[in-house]
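Participant: Input file: query27.cif. Contents: mmCIF, C-alpha atoms and all ligand atoms.
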```
data_my_file
#
loop_
_atom_site.label_atom_id
_atom_site.label_comp_id
_atom_site.auth_asym_id
_atom_site.auth_seq_id
_atom_site.Cartn_x
_atom_site.Cartn_y
_atom_site.Cartn_z
CA MET A 1 -17.95 25.42 -20.66
CA SER A 2 -16.78 28.59 -18.94
CA ASN A 3 -14.78 31.22 -20.84
CA SER A 4 -11.72 30.59 -18.72
CA GLY A 5 -11.50 26.91 -19.73
CA PRO A 6 -9.48 25.46 -22.61
CA ALA A 7 -10.88 26.21 -26.07
CA ARG A 8 -10.84 22.74 -27.60
CA ILE A 9 -11.93 19.82 -25.49
CA PRO A 10 -10.86 16.28 -26.43
CA ARG A 11 -13.73 13.84 -26.56
CA HIS A 12 -11.67 10.97 -25.20
CA VAL A 13 -8.63 11.30 -22.94
CA ALA A 14 -6.51 8.26 -22.06
CA ILE A 15 -4.05 8.40 -19.18
CA ILE A 16 -1.09 6.20 -18.25
CA MET A 17 -1.07 6.85 -14.51
CA ASP A 18 2.60 6.35 -13.69
CA GLY A 19 4.98 7.26 -10.88
CA ASN A 20 3.25 6.05 -7.72
CA GLY A 21 6.27 3.97 -6.70
CA ARG A 22 8.74 6.82 -7.16
CA TRP A 23 6.45 9.21 -5.29
CA ALA A 24 6.50 6.85 -2.31
CA ARG A 25 10.24 6.13 -2.52
CA GLN A 26 11.03 9.86 -2.49
CA ARG A 27 9.26 10.02 0.85
CA GLY A 28 10.69 6.83 2.32
CA LEU A 29 7.23 5.24 2.20
CA PRO A 30 6.18 1.79 0.97
CA ARG A 31 5.17 1.65 -2.71
CA LEU A 32 1.61 0.84 -1.73
CA GLU A 33 1.33 4.24 -0.06
CA GLY A 34 2.05 5.76 -3.46
CA HIS A 35 -0.74 3.69 -4.97
CA ARG A 36 -3.08 4.78 -2.19
CA ARG A 37 -2.34 8.41 -3.02
CA GLY A 38 -2.72 7.58 -6.69
CA VAL A 39 -6.30 6.48 -6.05
CA GLU A 40 -7.01 9.92 -4.54
CA THR A 41 -5.71 11.46 -7.76
CA VAL A 42 -8.15 9.31 -9.73
CA ARG A 43 -11.06 10.90 -7.90
CA THR A 44 -9.70 14.41 -8.51
CA VAL A 45 -9.09 13.74 -12.20
CA VAL A 46 -12.47 12.07 -12.82
CA ASP A 47 -14.18 15.16 -11.37
CA ALA A 48 -11.95 17.58 -13.25
CA ALA A 49 -12.45 15.75 -16.56
CA ARG A 50 -16.21 15.96 -16.17
CA GLU A 51 -16.04 19.66 -15.31
CA LEU A 52 -14.01 20.24 -18.46
CA GLY A 53 -16.55 18.38 -20.58
CA ILE A 54 -14.38 15.34 -21.39
CA ARG A 55 -16.98 12.68 -22.07
CA CYS A 56 -14.72 9.67 -22.05
CA LEU A 57 -11.77 9.04 -19.75
CA THR A 58 -9.71 5.86 -19.94
CA LEU A 59 -7.27 5.10 -17.14
CA TYR A 60 -4.50 2.52 -17.38
CA ALA A 61 -4.79 1.05 -13.90
CA PHE A 62 -3.13 -2.38 -14.23
CA SER A 63 -1.27 -3.73 -17.23
CA ALA A 64 -1.06 -7.34 -18.36
CA GLU A 65 2.64 -7.09 -17.41
CA ASN A 66 2.04 -5.72 -13.91
CA TRP A 67 1.52 -9.28 -12.58
CA LYS A 68 5.32 -9.46 -12.58
CA ARG A 69 5.44 -7.20 -9.53
CA PRO A 70 5.99 -8.56 -6.01
CA GLY A 71 2.95 -10.52 -4.79
CA ASP A 72 2.22 -8.13 -1.93
CA GLU A 73 2.18 -5.14 -4.29
CA VAL A 74 -0.19 -6.93 -6.68
CA SER A 75 -2.55 -7.92 -3.86
CA GLY A 76 -2.30 -4.40 -2.43
CA LEU A 77 -3.31 -2.95 -5.79
CA MET A 78 -6.23 -5.37 -6.07
CA GLY A 79 -7.33 -4.39 -2.56
CA LEU A 80 -7.23 -0.70 -3.51
CA LEU A 81 -9.23 -1.40 -6.64
CA ASP A 82 -11.87 -3.22 -4.62
CA LEU A 83 -12.01 -0.34 -2.15
CA PHE A 84 -12.18 2.25 -4.93
CA LEU A 85 -15.13 0.49 -6.57
CA LYS A 86 -17.01 0.21 -3.27
CA ARG A 87 -16.31 3.82 -2.38
CA GLU A 88 -17.08 5.28 -5.80
CA LEU A 89 -20.34 3.51 -6.61
CA ASP A 90 -22.59 6.19 -5.06
CA ASN A 91 -20.57 9.01 -6.60
CA LEU A 92 -20.65 7.49 -10.07
CA ILE A 93 -24.42 7.10 -9.87
CA LYS A 94 -24.84 10.63 -8.55
CA GLU A 95 -22.69 12.04 -11.32
CA LYS A 96 -24.18 9.76 -13.99
CA VAL A 97 -20.86 8.23 -15.00
CA ARG A 98 -20.88 4.86 -16.72
CA LEU A 99 -18.04 2.57 -15.64
CA ARG A 100 -16.58 0.18 -18.19
CA THR A 101 -13.46 -1.93 -18.39
CA ILE A 102 -11.04 -3.06 -21.06
CA GLY A 103 -8.57 -5.91 -20.57
CA ARG A 104 -8.88 -9.51 -19.46
CA THR A 105 -10.84 -8.89 -16.28
CA ASP A 106 -11.66 -12.59 -15.91
CA ALA A 107 -8.16 -13.08 -14.47
CA LEU A 108 -8.74 -10.56 -11.65
CA PRO A 109 -9.53 -11.79 -8.12
CA ALA A 110 -13.15 -12.93 -7.68
CA ASN A 111 -14.03 -10.13 -5.24
CA VAL A 112 -12.80 -7.48 -7.68
CA GLN A 113 -14.74 -9.09 -10.54
CA ARG A 114 -17.85 -9.02 -8.36
CA GLU A 115 -17.46 -5.33 -7.54
CA LEU A 116 -16.77 -4.50 -11.18
CA ALA A 117 -19.92 -6.32 -12.27
CA ARG A 118 -21.94 -4.53 -9.61
CA VAL A 119 -20.70 -1.04 -10.53
CA GLN A 120 -21.01 -1.67 -14.27
CA GLU A 121 -24.55 -2.91 -13.87
CA ALA A 122 -25.52 0.04 -11.65
CA THR A 123 -24.14 2.60 -14.13
CA ARG A 124 -24.89 1.01 -17.49
CA ARG A 125 -27.87 3.29 -18.19
CA PHE A 126 -25.68 6.41 -18.27
CA THR A 127 -24.63 7.62 -21.70
CA GLU A 128 -23.06 11.04 -21.24
CA TRP A 129 -19.94 10.28 -19.18
CA ASN A 130 -17.71 7.23 -19.46
CA LEU A 131 -14.96 6.11 -17.14
CA VAL A 132 -13.03 3.21 -18.63
CA LEU A 133 -10.60 1.27 -16.43
CA ALA A 134 -7.90 -0.68 -18.26
CA LEU A 135 -7.36 -3.72 -16.04
CA ASN A 136 -5.04 -6.59 -16.92
CA TYR A 137 -4.92 -4.78 -20.24
CA GLY A 138 -2.30 -5.23 -22.96
CA ALA A 139 -2.64 -3.92 -26.50
CA GLN A 140 -0.88 -6.92 -28.02
CA SER A 141 -3.13 -9.48 -26.34
CA GLU A 142 -6.13 -7.30 -27.23
CA ALA A 143 -5.06 -7.50 -30.90
CA ALA A 144 -4.62 -11.28 -30.61
CA ASP A 145 -8.07 -11.64 -28.99
CA ALA A 146 -9.62 -9.51 -31.73
CA ALA A 147 -7.91 -11.56 -34.46
CA ARG A 148 -9.17 -14.76 -32.86
CA ALA A 149 -12.74 -13.46 -32.62
CA TYR A 150 -12.57 -12.28 -36.21
CA ALA A 151 -11.21 -15.64 -37.41
CA GLU A 152 -14.06 -17.41 -35.62
CA ALA A 153 -16.54 -15.10 -37.35
CA VAL A 154 -14.95 -16.03 -40.69
CA LEU A 155 -15.22 -19.74 -39.88
CA ALA A 156 -18.86 -19.25 -38.92
CA GLY A 157 -19.49 -17.51 -42.25
CA ARG A 158 -20.30 -14.14 -40.69
CA GLU A 159 -17.25 -12.33 -42.14
CA LYS A 160 -15.39 -12.41 -45.45
CA PRO A 161 -11.62 -11.80 -45.32
CA ALA A 162 -11.74 -9.93 -48.65
CA GLU A 163 -14.05 -7.37 -47.04
CA LEU A 164 -11.90 -6.71 -43.98
CA THR A 165 -11.18 -3.04 -43.28
CA TRP A 166 -9.80 -1.32 -40.19
CA GLU A 167 -13.31 -0.04 -39.53
CA LYS A 168 -14.60 -3.61 -39.37
CA PHE A 169 -11.65 -5.01 -37.47
CA SER A 170 -11.88 -2.28 -34.83
CA ARG A 171 -15.29 -3.64 -33.87
CA TYR A 172 -13.51 -6.70 -32.50
CA LEU A 173 -11.40 -4.60 -30.14
CA SER A 174 -12.43 -4.06 -26.54
CA THR A 175 -12.97 -0.36 -27.31
CA ALA A 176 -15.49 -1.08 -30.10
CA ASP A 177 -18.13 1.38 -28.92
CA LEU A 178 -15.77 4.12 -27.74
CA PRO A 179 -14.30 6.94 -29.83
CA GLU A 180 -10.54 6.69 -30.40
CA PRO A 181 -8.57 8.71 -27.83
CA ASP A 182 -7.82 12.29 -28.90
CA LEU A 183 -5.28 12.88 -26.16
CA LEU A 184 -2.92 10.53 -24.34
CA ILE A 185 -1.26 11.73 -21.15
CA ARG A 186 1.55 9.86 -19.42
CA THR A 187 2.82 11.05 -16.07
CA SER A 188 6.21 10.50 -14.39
CA GLY A 189 8.42 11.37 -17.35
CA GLU A 190 8.51 7.94 -18.99
CA LEU A 191 8.37 8.24 -22.78
CA ARG A 192 6.73 4.99 -23.86
CA LEU A 193 3.32 3.40 -24.34
CA SER A 194 3.91 0.28 -22.23
CA ASN A 195 1.49 -1.77 -24.35
CA PHE A 196 -1.44 0.66 -23.93
CA LEU A 197 -4.07 1.12 -26.69
CA MET A 198 -1.49 1.02 -29.46
CA LEU A 199 -3.92 0.77 -32.38
CA GLN A 200 -6.47 3.20 -30.99
CA LEU A 201 -3.79 5.85 -30.36
CA ALA A 202 -2.85 5.99 -34.06
CA TYR A 203 -3.69 9.71 -34.29
CA ALA A 204 -3.88 10.72 -30.65
CA GLU A 205 -1.91 13.74 -29.48
CA LEU A 206 0.67 12.63 -26.91
CA VAL A 207 1.44 14.70 -23.82
CA PHE A 208 4.15 13.58 -21.44
CA THR A 209 4.59 15.28 -18.08
CA PRO A 210 7.28 14.73 -15.45
CA VAL A 211 4.67 15.10 -12.67
CA LEU A 212 4.26 11.88 -10.67
CA TRP A 213 0.70 10.54 -10.65
CA PRO A 214 0.00 11.19 -6.92
CA ASP A 215 0.96 14.85 -7.50
CA PHE A 216 -1.10 15.21 -10.69
CA GLY A 217 -3.99 17.63 -10.17
CA ARG A 218 -6.73 19.55 -11.89
CA ALA A 219 -4.28 22.20 -13.11
CA ASP A 220 -2.10 19.53 -14.73
CA LEU A 221 -5.10 18.11 -16.58
CA VAL A 222 -6.08 21.60 -17.74
CA ALA A 223 -2.49 22.21 -18.90
CA ALA A 224 -2.51 18.97 -20.92
CA VAL A 225 -5.85 19.85 -22.49
CA GLU A 226 -4.54 23.33 -23.35
CA GLU A 227 -1.46 21.77 -24.92
CA TYR A 228 -3.81 19.55 -26.92
CA GLY A 229 -5.69 22.66 -28.04
CA ARG A 230 -2.49 24.16 -29.46
CA ARG A 231 -1.69 21.11 -31.58
CA GLU A 232 -2.68 20.95 -35.22
CA ARG A 233 -4.19 17.57 -36.04
CA ARG A 234 -3.46 16.99 -39.69
CA TYR A 235 -4.24 13.28 -40.16
CA GLY A 236 -1.84 13.18 -43.08
CA ALA A 237 -3.13 16.33 -44.80
CA THR A 238 -1.34 19.71 -45.06
CA THR A 239 -1.66 22.77 -42.85
CA GLU A 240 -3.18 24.67 -45.78
CA GLN A 241 -5.84 22.01 -46.26
CA ILE A 242 -6.66 22.00 -42.55
CA LYS A 243 -6.99 25.80 -42.53
CA ALA A 244 -9.18 25.79 -45.61
CA GLY A 245 -11.39 23.14 -44.03
CA ALA A 246 -11.73 25.11 -40.82
CA ARG A 247 -13.01 28.18 -42.63
C1 LIG B 301 1.80 3.35 -11.66
O1 LIG B 301 2.84 3.64 -10.80
C2 LIG B 301 0.79 2.40 -11.05
C3 LIG B 301 0.76 1.07 -11.67
C4 LIG B 301 1.53 0.66 -12.65
C5 LIG B 301 -0.19 0.13 -11.12
P1 LIG B 301 4.12 2.72 -10.69
O2 LIG B 301 3.90 1.75 -9.58
O3 LIG B 301 4.50 2.14 -11.98
O4 LIG B 301 5.20 3.78 -10.23
P2 LIG B 301 6.74 3.81 -10.60
O5 LIG B 301 6.84 3.79 -12.09
O6 LIG B 301 7.35 2.60 -9.98
O7 LIG B 301 7.24 5.08 -10.01
C1 LIG B 302 2.24 1.24 -17.15
O1 LIG B 302 3.12 1.59 -16.15
C2 LIG B 302 1.05 0.54 -16.57
C3 LIG B 302 0.16 1.35 -15.76
C4 LIG B 302 0.28 2.63 -15.53
C5 LIG B 302 -0.95 0.66 -15.18
P1 LIG B 302 4.37 0.68 -15.76
O2 LIG B 302 5.08 1.41 -14.69
O3 LIG B 302 3.93 -0.69 -15.48
O4 LIG B 302 5.20 0.68 -17.12
P2 LIG B 302 6.72 0.34 -17.40
O5 LIG B 302 6.98 -1.01 -16.81
O6 LIG B 302 7.54 1.39 -16.73
O7 LIG B 302 6.85 0.39 -18.87
MG MG B 303 5.72 2.76 -13.46
#
```
Could you render the structure as structure tokens?
Facilitator:
Amino acid sequence: MSNSGPARIPRHVAIIMDGNGRWARQRGLPRLEGHRRGVETVRTVVDAARELGIRCLTLYAFSAENWKRPGDEVSGLMGLLDLFLKRELDNLIKEKVRLRTIGRTDALPANVQRELARVQEATRRFTEWNLVLALNYGAQSEAADAARAYAEAVLAGREKPAELTWEKFSRYLSTADLPEPDLLIRTSGELRLSNFLMLQLAYAELVFTPVLWPDFGRADLVAAVEEYGRRERRYGATTEQIKAGAR
């Protein structure tokens, strides 16, 4: 890490990439053009995150609710995802980035599922850098899926309800082997979570920026990480306790 970079680097950054549609509308362009530009931002931000030393980056790319959008926008987004995976495979291997997904990917188009499987397989040996794409993801259905899997484990005699802790339950979430996000960024000025990682964000620092996702750049990521560095994470304790612990 160079001296000019932010002092405290979050281990895991999660981003709600929002504002592609408004970016396009402001320019009189079709919404899909905004998404196309948004994909360019993904490349920039993946590189910048790695340069900053952020080992895990989770991007909210398609929510479980985004199926409600017009059919041509949904198929356009799926096409862009397919293209992104094809185009990024070599880069991810070169940069030793492991690609993972969270969300119900089995409902994605077959060609996208194929590309995802291919990229995940080709990058699964990498341990240092993680790029997690949230696809057809919803925190509420994730919680329901986890509860179902846990209940099945109880029925099979592998778990005892009396012994259930958050620690144990979190192993049934799709993020089981990832650290909880330290920093959540949402672009485009919306102040909500839109069903993203609600349990895992329990103690994340939240940074909201008015910048639309296609305009988000390296400097915006650095600014968010610097903002994170200025926050005091107390986890329920007092400032005095935190200071004493830091000494
Ligand atoms: C985010 O941009 C991309 C996805 C949700 C897939 P939007 O498409 O939500 O952009 P706005 O919110 O309409 O501007
Ligand atoms: C959240 O953005 C989902 C993604 C960024 C993929 P939306 O634009 O779908 O969220 P709402 O509908 O404004 O809450
Ligand atoms: Mg939006």
Participant: Write out as number ranges by chain each polymer residue (protein, DNA or RNA) that has an atom no more than 9 Å from ligand LIG 301 (chain B), with all atoms listed in the file counted.
Facilitator: A: 16-25, 31-32, 34-35, 38, 60-63, 66, 73-74, 77, 187-188, 190, 212-214
Participant: Just to confirm, what's the straight-line distance from atom P2 of ligand LIG 302 (chain B) to CA of Glu180 (chain A) in Å (one decimal)?
Facilitator: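 These atoms are spaced 22.5 Å apart.
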Participant: Closest to Phe196 (chain A) among A:Ala64, A:Leu178, A:Ala244, A:Leu57, using only C-alpha atoms?
Facilitator: A:Ala64
Participant: For Ser174 (chain A), which residue among A:Ala219, A:Leu81, A:Ala139, A:Ala204 is the nearest when counting all atoms listed in the file?
Facilitator: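 Result for the nearest residue to Ser174 (chain A): A:Ala139.
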Participant: Please compute the CA of Ile93 (chain A)-CA of Asp47 (chain A) distance, one decimal, in Å.
Facilitator: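 That distance, rounded to one decimal, is 13.1 Å.
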Participant: Find the spatial neighbours of region 149-152 of chain A, counting only C-alpha atoms, within a cut-off of 8 Å - ignore same-chain residues fewer than 4 positions away - and output them as a ChimeraX atom specification.
Facilitator: /A:145,156,159,169,172
Participant: Looking at all atoms listed in the file, which of A:Arg192, A:Arg231, A:Lys243, A:Arg104 is the one that sits closest to ligand MG 303 (chain B)?
Facilitator: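 With all atoms listed in the file as the atom set, the closest residue is A:Arg192.
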Participant: Using all atoms listed in the file, give me every residue within 12 Å of (-26.3, 15.5, -19.6) in file coordinates, as a JSON list (two decimals) with C-alpha atoms, in the coordinates of the input.
Facilitator:
```
[["chain", "number", "residue", "atom", "x", "y", "z"],
["A", 50, "ARG", "CA", -16.21, 15.96, -16.17],
["A", 51, "GLU", "CA", -16.04, 19.66, -15.31],
["A", 53, "GLY", "CA", -16.55, 18.38, -20.58],
["A", 55, "ARG", "CA", -16.98, 12.68, -22.07],
["A", 95, "GLU", "CA", -22.69, 12.04, -11.32],
["A", 96, "LYS", "CA", -24.18, 9.76, -13.99],
["A", 97, "VAL", "CA", -20.86, 8.23, -15.00],
["A", 126, "PHE", "CA", -25.68, 6.41, -18.27],
["A", 127, "THR", "CA", -24.63, 7.62, -21.70],
["A", 128, "GLU", "CA", -23.06, 11.04, -21.24],
["A", 129, "TRP", "CA", -19.94, 10.28, -19.18],
["A", 130, "ASN", "CA", -17.71, 7.23, -19.46]]
```
Participant: Between CA of Arg118 (chain A) and CA of Arg171 (chain A), what is the distance, to one decimal in Å?
Facilitator: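 Spanning CA of Arg118 (chain A) to CA of Arg171 (chain A) is a straight-line distance of 25.2 Å.
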Participant: Given the choices A:Thr209, A:Gln120, A:Thr238, A:Ser194, which gets closest to ligand LIG 302 (chain B) if the distance is worked out from all atoms listed in the file?
Facilitator: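 Selected residue with least distance to ligand LIG 302 (chain B): A:Ser194.
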Participant: Kindly indicate which residue among A:Asn195, A:Ser75, A:Gln241, A:Thr44 lies nearest to Pro109 (chain A), using all atoms listed in the file for the distances.
Facilitator: A:Ser75
Participant: With 4 Å on each side, where is the centre of the axis-aligned box around all listed atoms of ligand LIG 302 (chain B), and how long are its edges in Å to one decimal, as AutoDock Vina command-line options?
Facilitator:
```
--center_x 3.3 --center_y 0.8 --center_z -16.8 --size_x 16.5 --size_y 11.6 --size_z 12.2
```
Participant: Counting all atoms listed in the file, which of A:Asn136, A:Gln26, A:Thr41, A:Thr123 gets nearest to ligand LIG 302 (chain B)?
Facilitator: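 Under the stated criterion, the closest residue is A:Asn136.
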Participant: Need the shell around Val13 (chain A): protein/DNA/RNA residues with any atom at most 8 Å away, counting only C-alpha atoms. Skip same-chain ones fewer than 2 positions apart. Format as an mmCIF file with C-alpha atoms, in the frame of the given file?
Facilitator:
```cif
data_model
loop_
_atom_site.group_PDB
_atom_site.id
_atom_site.type_symbol
_atom_site.label_atom_id
_atom_site.label_comp_id
_atom_site.auth_asym_id
_atom_site.auth_seq_id
_atom_site.Cartn_x
_atom_site.Cartn_y
_atom_site.Cartn_z
ATOM 1 C CA PRO A 10 -10.860 16.280 -26.430
ATOM 2 C CA ARG A 11 -13.730 13.840 -26.560
ATOM 3 C CA ILE A 15 -4.050 8.400 -19.180
ATOM 4 C CA ILE A 54 -14.380 15.340 -21.390
ATOM 5 C CA CYS A 56 -14.720 9.670 -22.050
ATOM 6 C CA LEU A 57 -11.770 9.040 -19.750
ATOM 7 C CA THR A 58 -9.710 5.860 -19.940
ATOM 8 C CA PRO A 181 -8.570 8.710 -27.830
ATOM 9 C CA ASP A 182 -7.820 12.290 -28.900
ATOM 10 C CA LEU A 183 -5.280 12.880 -26.160
ATOM 11 C CA LEU A 184 -2.920 10.530 -24.340
ATOM 12 C CA ILE A 185 -1.260 11.730 -21.150
#
```
